[in-house]
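Student: Attaching a single structure in structure tokens format; questions to follow.
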Amino acid sequence: MHADIDRVAVLGAGNMGHGITEVVAMAGYEVTMRDVEPAFVEEGYGEIEWSLEKLAEKDRLDESPAAVLSRIETTTDLEMAVDDADLVVEAAPEELDLKREIFADLDELAPAGAILASNTSSLPITDVAAATDRSERVVGTHFFNPPVKMDLVEVIYGDETADETAETAAEFVESIDRTPIDVREDVRGFVVNTVLGPFGDEAAWMVSEGETEVREADATMVHERGYPMGPFELSDMTGIDIGYRVRTEAGEPIPPIVEEKVEREELGRKTGVGYYDYGDGAASETLQADGDAGDAGNGDGVDYTADDVSEAFDWLRIEARIIDEAAGLVGQGVATPEDIDTGLRLGAGFPEGPCRRADKLGLDTVLEKLETLQEATGAERYEPSNHLRELVEAGRTGEDAGAGFYEYGADAGRDYTTIDVELRDGLLTVTLDRTERLNALNRDMMDEIVHVLETADLETVRAVTFEGAGDRAFSAGADVTGFAGVDPHEVEVTPVFRTVAEFPRPTLAKIDGYCLGGGHELALACDLRIATTDSEFGFPEIDLGLIPGGGGTQRVVRMLTEARAKELVFRGNRIDADTAEDWGLINRAVPEAEFGTTVEEFVDDLVSGPPVALRKAKQVMDEGRDADIDAGLRMESQAFGLLLSTEDTSEGAEAFTADREPEFEGR
Ligand code: COA
């Protein structure tokens, strides 16, 4: 919890309001949810009860629903709600006048030091803040729907928001287990919706111009380009009129097909017809309720399949515009490439951020595409941003050039997009960070892990730990969505598992949650494994018609009895951490509360141990395992002889005699 925030008030008990209330209470804060009518408050509270039960059923609550509910108060009285609040999150309907009225009241009623946050997806924070005499304490916090499921919060700076206010808001967001991104200028659409805009818009122009068809566009963007949903499927879900209104207000031209749909009032799921036909009894309510939008082709109207994918579909037209929007925001200082990428991954389910993708495509290719389109049509939307031009002119054309939005130096100094890396006191910590996919391994992540290890400075690195970001998974395996469109002849075996296994320092996997498939193989490539008791291990590959491909079959059959190894691989079932410990798959299974200390005890020994001896021990044990015993013994005695002559061995002996802790230097 945040040190400066004890009490939170949430204004509004609708979809966003009750969702935010729930998330805030789950994190341990006392929270008051307020709406104008008792009936609204009751309904919102009921939704929270329902949702907490669901989470408890799925074992995703650390305490009982009742314990969380005990921290939630409800009221219709604004004064009571905000009276002693340190933070107020307003989540009223999206009407500027209404929000301004509420903020004027808050100015009167909320404590002087309180932070006043507005949850809006489309209104200028500056205008909302202007209704108060303390606009430096007003900030935007744009939660995504539904807050309980969505990890992202945009923290928006109004023109007068103090840095300290926005920083505290971002820290608060982290304290409720959500990921904040900074939106440093109060631009229309903020970051996610601005960058997402062309996804639907450009696709609609392409259909309007007879370049493609709805199914072809959706299928190709999903099955070839890895988006969770096609552009038309998405428009149908959010409502075609919504995009129409946003573009009209911005004074942008509307693609004819959108115009047509709006005229005919075929607005998507909510009207039963949009780009797809949903029949009578539109599915919009059920969709809203569980927020599950990814089931393409489940007989719910959206009926494209992988057969609709077209080689000829010009996806670069769409992606070039998306990338240019991102470049525009970077150029204006609205957001960093990292934050934009995080935003689109977590907020829109993009398989990778647009800046990262741009660096792979080549920014020169993107620029050229826009220029060609602009020449051919004269349309303003293809006018490249200054920042994109500047990057290309500076030779920062992407990964191949060593720099683009990100740095790709061969040595240190490279930016990572899927992992976090920290080096402290000899310990290199690698955190797999794709929480939105339960830290599933994609190509980038595997490449980045290899890069980290290959460029690690062995003078300073004494041990490495791997862990997963978030509290749900070490890693749920290879990224299944990346399997789409892979040609079996082009599958390269990734060096990541070998690089980890052969790293000349001890490695330890810290496992808290799912440890499956490729993630499991990564853990097995480490020397040691410690897990929380609620972790689960398995090889689900067989259920996908596959087998483990990262050394899994070979490592388990050497580590476990053959029967147990085959059970894991053949049945695809998951085993719990206690069983894994029993079987000898992991070193320790410990309750969550003891996890940190146990890991620390292991790490202390690894980091302070004699580096050369540890390296030799690892080498002769790994190589000896696969050799016959005589060869193994020969390797061992050679290593032993060599170690006898090291300074570390003398230091070890001296320390023993002097009864002090040895200080090993690796010599
Ligand atoms: N690749 C890509 N995405 C993955 C993934 C993987 N291996 N594992 C999980 N995800 C994604 C899910 O699609 C989901 O995304 P969404 O919220 O956009 O729908 C998100 O991570 C959360 O997972 P979810 O399935 O909602 O969580 P759960 O608690 O219901 O189930 C698992 C967790 C791990 C049991 C389930 O996600 C699973 O079976 N994953 C696939 C595991 C697998 O087959 N791995 C081996 C690949 S070789």
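Letters for chains follow the order of the structure tokens (A, B, ...), residue numbers begin at 1 for each chain, and ligand numbers begin at 1 in the order shown.
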Considering only C-alpha atoms and all ligand atoms, tabulate each residue of chain A that lies at most 7 Å from ligand 1 along with its nearest interatomic pair and the corresponding distance in Å to one decimal; arrange the rows by chain and ascending residue number and present them as a tab-separated table.

Tutor:
residue	atom	partner	partner_atom_place_in_ligand_line	distance
A:Gly294	CA	ligand 1	19 (O)	6.4
A:Gly349	CA	ligand 1	18 (O)	6.3
A:Glu436	CA	ligand 1	21 (O)	5.5
A:Arg437	CA	ligand 1	21 (O)	3.5
A:Leu438	CA	ligand 1	21 (O)	4.7
A:Ala440	CA	ligand 1	6 (C)	5.0
A:Ala476	CA	ligand 1	8 (N)	4.7
A:Gly477	CA	ligand 1	45 (N)	4.1
A:Ala478	CA	ligand 1	47 (C)	4.5
A:Asp479	CA	ligand 1	1 (N)	3.3
A:Val480	CA	ligand 1	1 (N)	3.9
A:Thr481	CA	ligand 1	2 (C)	5.3
A:Tyr514	CA	ligand 1	34 (C)	6.1
A:Leu516	CA	ligand 1	45 (N)	5.7
A:Gly517	CA	ligand 1	46 (C)	4.2
A:Gly518	CA	ligand 1	48 (S)	5.7
A:Phe539	CA	ligand 1	46 (C)	6.7
A:Pro540	CA	ligand 1	44 (O)	4.9
A:Glu541	CA	ligand 1	48 (S)	4.9
A:Leu544	CA	ligand 1	44 (O)	6.9
A:Pro548	CA	ligand 1	48 (S)	6.9

Student: Excluding same-chain residues fewer than 3 positions from Ala456 of chain A, what lies within 10 Å of it counting only C-alpha atoms, as a PyMOL selection string?

Tutor: chain A and resi 411-412+423+428+450-453+459-461+503

Student: Just the helix (DSSP H, G or I) stuff from segment 171-322 of chain A, please, per backbone DSSP, written as a ChimeraX atom specification.

Tutor: /A:171-175,192-208,214-224,231-238,240-249,256-263,269-271,284-290,306-308,315-322

Student: Given only C-alpha atoms as the basis, pick out the residue of A:Thr561, A:Thr179, A:Asn573, A:Thr212 nearest to Leu585 of chain A.

Tutor: A:Thr561

Student: Name the residues of segment 436-489 of chain A that come out as strand (DSSP E) in a backbone DSSP run; write them as JSON, numbers by chain.

Tutor: {"A": [463, 464, 465, 466, 467, 468, 473, 474, 475]}

Student: Which residues are near Gly46 of chain A? Cut-off 12 Å, only C-alpha atoms, ignore same chain within fewer than 5 positions. Put them as a ChimeraX atom specification.

Tutor: /A:13-15,18-19,22,39-41,51-53,69,74

Student: Residues as selected, C-alpha atoms, written as a PDB file, in the first residue's frame, can you do that?

Tutor:
ATOM      1  CA  ALA A  13     -20.844   2.570  -8.832  1.00  0.00           C
ATOM      2  CA  GLY A  14     -21.244   1.740 -12.517  1.00  0.00           C
ATOM      3  CA  ASN A  15     -19.042  -0.645 -14.501  1.00  0.00           C
ATOM      4  CA  HIS A  18     -17.504  -0.745  -8.899  1.00  0.00           C
ATOM      5  CA  GLY A  19     -14.601  -2.374 -10.722  1.00  0.00           C
ATOM      6  CA  GLU A  22     -13.106  -3.833  -5.976  1.00  0.00           C
ATOM      7  CA  ALA A  39     -30.244   1.545  -6.151  1.00  0.00           C
ATOM      8  CA  PHE A  40     -27.068   2.272  -8.155  1.00  0.00           C
ATOM      9  CA  VAL A  41     -24.898   1.745  -5.116  1.00  0.00           C
ATOM     10  CA  SER A  51     -16.943 -10.846  -8.957  1.00  0.00           C
ATOM     11  CA  LEU A  52     -15.139 -11.587  -5.672  1.00  0.00           C
ATOM     12  CA  GLU A  53     -16.906 -14.950  -5.504  1.00  0.00           C
ATOM     13  CA  LEU A  69     -15.956  -6.528   1.391  1.00  0.00           C
ATOM     14  CA  THR A  74     -21.100   2.587   0.426  1.00  0.00           C
TER      15      THR A  74
END

Student: At a cut-off of 7 Å, using only C-alpha atoms, what residues contact Ala320 of chain A? Leave out same-chain residues fewer than 2 positions from it and give the result as a ChimeraX atom specification.

Tutor: /A:316-318,322-324,366,369-370

Student: Set the distance at 12 Å and use only C-alpha atoms: which residues neighbour Glu623 of chain A once local chain neighbours fewer than 4 positions away are removed? I'd like the list as an NGL selection string.

Tutor: :A and (501-502 or 616-619 or 627-629 or 631-636)

Student: What is the distance, in Å and to one decimal place, between atom CA of Glu581 of chain A and atom CA of Phe537 of chain A?

Tutor: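 Interatomic distance, atom CA of Glu581 of chain A to atom CA of Phe537 of chain A: 10.7 Å.
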
Student: Between atom CA of Glu209 of chain A and atom CA of Thr377 of chain A, what is the spacing in Å?

Tutor: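 About the pair atom CA of Thr377 of chain A and atom CA of Glu209 of chain A: they are 11.5 Å apart.
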
Student: Using only C-alpha atoms, which residue out of A:Glu202, A:Asp300, A:Asp341, A:Glu399 lies closest to Cys355 of chain A?

Tutor: A:Asp341
